[in-house]
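Peer 1: Pasting a structure here, questions to come.
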Amino acid sequence: MPHSPKPQFVFKRLRRLFGNATAYSGSEPTAFRILVGTVLSARTKDETTARVANELFKHYDSPEKLARAPLKRIEQLIRPIGFYRAKSRYIHALAQQLLRDFGGLVPDSMEALLSLPGVGRKTASCVLNYAFQKQAIAVDVHVHRIANWLGLVRTKTPEQTEAALKALYPQGQWRHLNNVFVLFGQNLCLPKTPKCGICVLNEVCPVRRQKTEIPLKARFLEGRAVFNQSWRVVGLD
Ligand code: SF4
């Protein structure tokens, strides 16, 4: 059984694998869209969230428009996602609070974001991270699962995972962690069928399902092919 991987080893391999690709899947990454999209994403598949959020933003793409929208209309638009009634109330009230307390702008501090309806630490961290490029670690299901699978942390809750990862990684790397772990979890280290045979972390993963004989460079290429992006291969070991 391999030992738990070193945090920097994991970080550097995943950064090299995904380069500058972003896990944000919506169109026009404004702070408002990132905030609302992340509230909608809880307990919902990533592709469903992206589709529904884009449909919602075709009609209501600002706090002003969303605050004025009839609640029933919001429910209709976001019905395909989980807990759509509660989430409709959250984003409606959230838009109204943005207008009332923040001049119609999304705030850029953890404390202010946590005062908004439906916003917990994960959502607030996503907004700080993706909208304002601030150092935060948003722990969603992918980050929590992969950090535990790799043996980086041994935690039961996302809050514990966030604290443990912050202790493991220097602050300058925090905002990249969510990005690379989410891309990895969506494309390769899938929850039910992880692609261990082509995984660039195979040799250091305590829970791998198979040992691979594929050389590292080929695994990088396979991984990138799965991710369906064009990549420039630089300095592979
Ligand atoms: S070896 Fe498998 S389980 Fe481990 S990180 Fe890679 S894809 Fe995930």
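Each chain of the structure tokens is named A, B, ... in the order shown, its residues numbered from 1; ligands are numbered from 1 in display order.
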Output the neighbourhood of ligand 1 as a CSV table (one decimal) with C-alpha atoms, in the first residue's frame, that is, all protein and nucleic acid residues with some atom at most 6 Å from the ligand, counting only C-alpha atoms and all ligand atoms.
Peer 2:
chain,number,residue,atom,x,y,z
A,188,LEU,CA,-10.9,11.6,-13.9
A,189,CYS,CA,-11.2,10.8,-10.2
A,194,PRO,CA,-12.4,6.7,-11.0
A,195,LYS,CA,-10.1,6.3,-14.0
A,196,CYS,CA,-7.2,5.0,-11.9
A,199,CYS,CA,-4.4,8.8,-13.2
A,201,LEU,CA,-1.5,10.3,-9.0
A,202,ASN,CA,-1.8,6.5,-9.3
A,205,CYS,CA,-3.0,7.0,-4.1
A,207,VAL,CA,-7.3,3.9,-2.6
A,208,ARG,CA,-6.4,3.3,-6.3
Peer 1: If we count only C-alpha atoms, what is near Gly120 (chain A) at a cut-off of 12 Å, once residues fewer than 3 positions away on the same chain are taken out, given as a PyMOL selection string?
Peer 2: chain A and resi 35+38-39+42+90+110-117+123-127+138-140+158-159
Peer 1: Determine which residues of region 87-222 of chain A receive a DSSP assignment of alpha helix (DSSP H), computed from the backbone, and state them as a PyMOL selection string.
Peer 2: chain A and resi 87-102+110-114+121-126+141-149+158-168+171-187+216-222
Peer 1: Under the rule that only C-alpha atoms are counted, which of A:Gln8, A:Lys166, A:Gly103, A:Arg13 is the nearest residue to Arg219 (chain A)?
Peer 2: A:Arg13
Peer 1: Which is closer to Ala93 (chain A) than all the others in A:His142, A:Arg68, A:Lys6, A:Arg73, using only C-alpha atoms?
Peer 2: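 Between A:His142, A:Arg68, A:Lys6, A:Arg73, the residue approaching Ala93 (chain A) most closely is A:Arg68.
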Peer 1: Can you work out which one of A:Ser109, A:Ser41, A:Gln76, A:Gln96 has the shortest atom-to-atom distance to Glu64 (chain A), counting only C-alpha atoms?
Peer 2: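 Among the listed residues, A:Gln96 lies closest to Glu64 (chain A).
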Peer 1: For CA of Val200 (chain A) and CA of Lys217 (chain A), determine how far apart the two atoms are, in Å to one decimal place.
Peer 2: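 We find that CA of Val200 (chain A) and CA of Lys217 (chain A) lie 8.6 Å from each other.
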Peer 1: Skip Ile214 (chain A) itself and residues of its chain fewer than 3 positions away, then list as JSON, numbers by chain all residues within 8 Å of it, counting only C-alpha atoms.
Peer 2: {"A": [197, 198, 218, 219]}
Peer 1: Please save N, CA and C atoms of the selected residues as a PDB file, in the first residue's frame.
Peer 2:
ATOM      1  N   GLY A 197      -6.425   3.873 -13.994  1.00  0.00           N
ATOM      2  CA  GLY A 197      -5.417   3.395 -14.946  1.00  0.00           C
ATOM      3  C   GLY A 197      -4.669   4.521 -15.632  1.00  0.00           C
ATOM      4  N   ILE A 198      -5.296   5.677 -15.788  1.00  0.00           N
ATOM      5  CA  ILE A 198      -4.613   6.792 -16.461  1.00  0.00           C
ATOM      6  C   ILE A 198      -4.373   7.962 -15.509  1.00  0.00           C
ATOM      7  N   ALA A 218       2.401   9.497 -20.708  1.00  0.00           N
ATOM      8  CA  ALA A 218       1.212   8.998 -21.411  1.00  0.00           C
ATOM      9  C   ALA A 218      -0.043   9.227 -20.566  1.00  0.00           C
ATOM     10  N   ARG A 219       0.100   9.122 -19.242  1.00  0.00           N
ATOM     11  CA  ARG A 219      -1.069   9.362 -18.379  1.00  0.00           C
ATOM     12  C   ARG A 219      -1.486  10.832 -18.426  1.00  0.00           C
TER      13      ARG A 219
END
Peer 1: Please, what distance in Å, to one decimal, runs between CA of Phe18 (chain A) and CA of Asn129 (chain A)?
Peer 2: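 Separation of CA of Phe18 (chain A) and CA of Asn129 (chain A): 17.2 Å.
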Peer 1: Report the distance between CA of Val180 (chain A) and CA of Arg15 (chain A) in Å, rounded to one decimal place.
Peer 2: 6.4 Å
Peer 1: From the list A:Pro170, A:Leu105, A:Glu162, A:Phe227, which residue is nearest Lys122 (chain A) when using only C-alpha atoms?
Peer 2: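 Closest candidate: A:Glu162.
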Peer 1: Using only C-alpha atoms, can you tell me which of A:Pro107, A:Thr193, A:Gln210, A:Gly118 comes closest to Ala86 (chain A)?
Peer 2: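 Closest candidate: A:Gly118.
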Peer 1: Residues at most 12 Å from Thr155 (chain A), counting only C-alpha atoms, excluding those fewer than 3 positions away in the same chain, as a short mmCIF file (atom, residue, chain, number, x, y, z; two decimals) with C-alpha atoms, in the first residue's frame?
Peer 2:
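Produced file part-v5.cif, reproduced below:
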data_model
loop_
_atom_site.label_atom_id
_atom_site.label_comp_id
_atom_site.auth_asym_id
_atom_site.auth_seq_id
_atom_site.Cartn_x
_atom_site.Cartn_y
_atom_site.Cartn_z
CA VAL A 139 -14.73 22.59 -0.11
CA VAL A 143 -12.59 18.53 -2.72
CA HIS A 144 -13.79 16.74 0.42
CA ARG A 145 -13.77 13.29 -1.19
CA ILE A 146 -10.48 13.55 -3.07
CA ALA A 147 -8.55 15.11 -0.17
CA ASN A 148 -9.68 12.17 1.99
CA TRP A 149 -9.11 9.51 -0.68
CA LEU A 150 -5.57 10.72 -1.22
CA GLY A 151 -4.91 10.66 2.52
CA LEU A 152 -4.13 14.38 2.63
CA PRO A 158 -16.26 20.02 4.69
CA GLU A 159 -15.47 22.55 7.44
CA GLN A 160 -12.86 20.19 8.90
CA THR A 161 -11.44 19.60 5.41
CA GLU A 162 -11.14 23.34 4.79
CA ALA A 163 -9.24 23.85 8.04
CA ALA A 164 -6.99 20.84 7.43
CA LEU A 165 -6.14 21.88 3.86
#
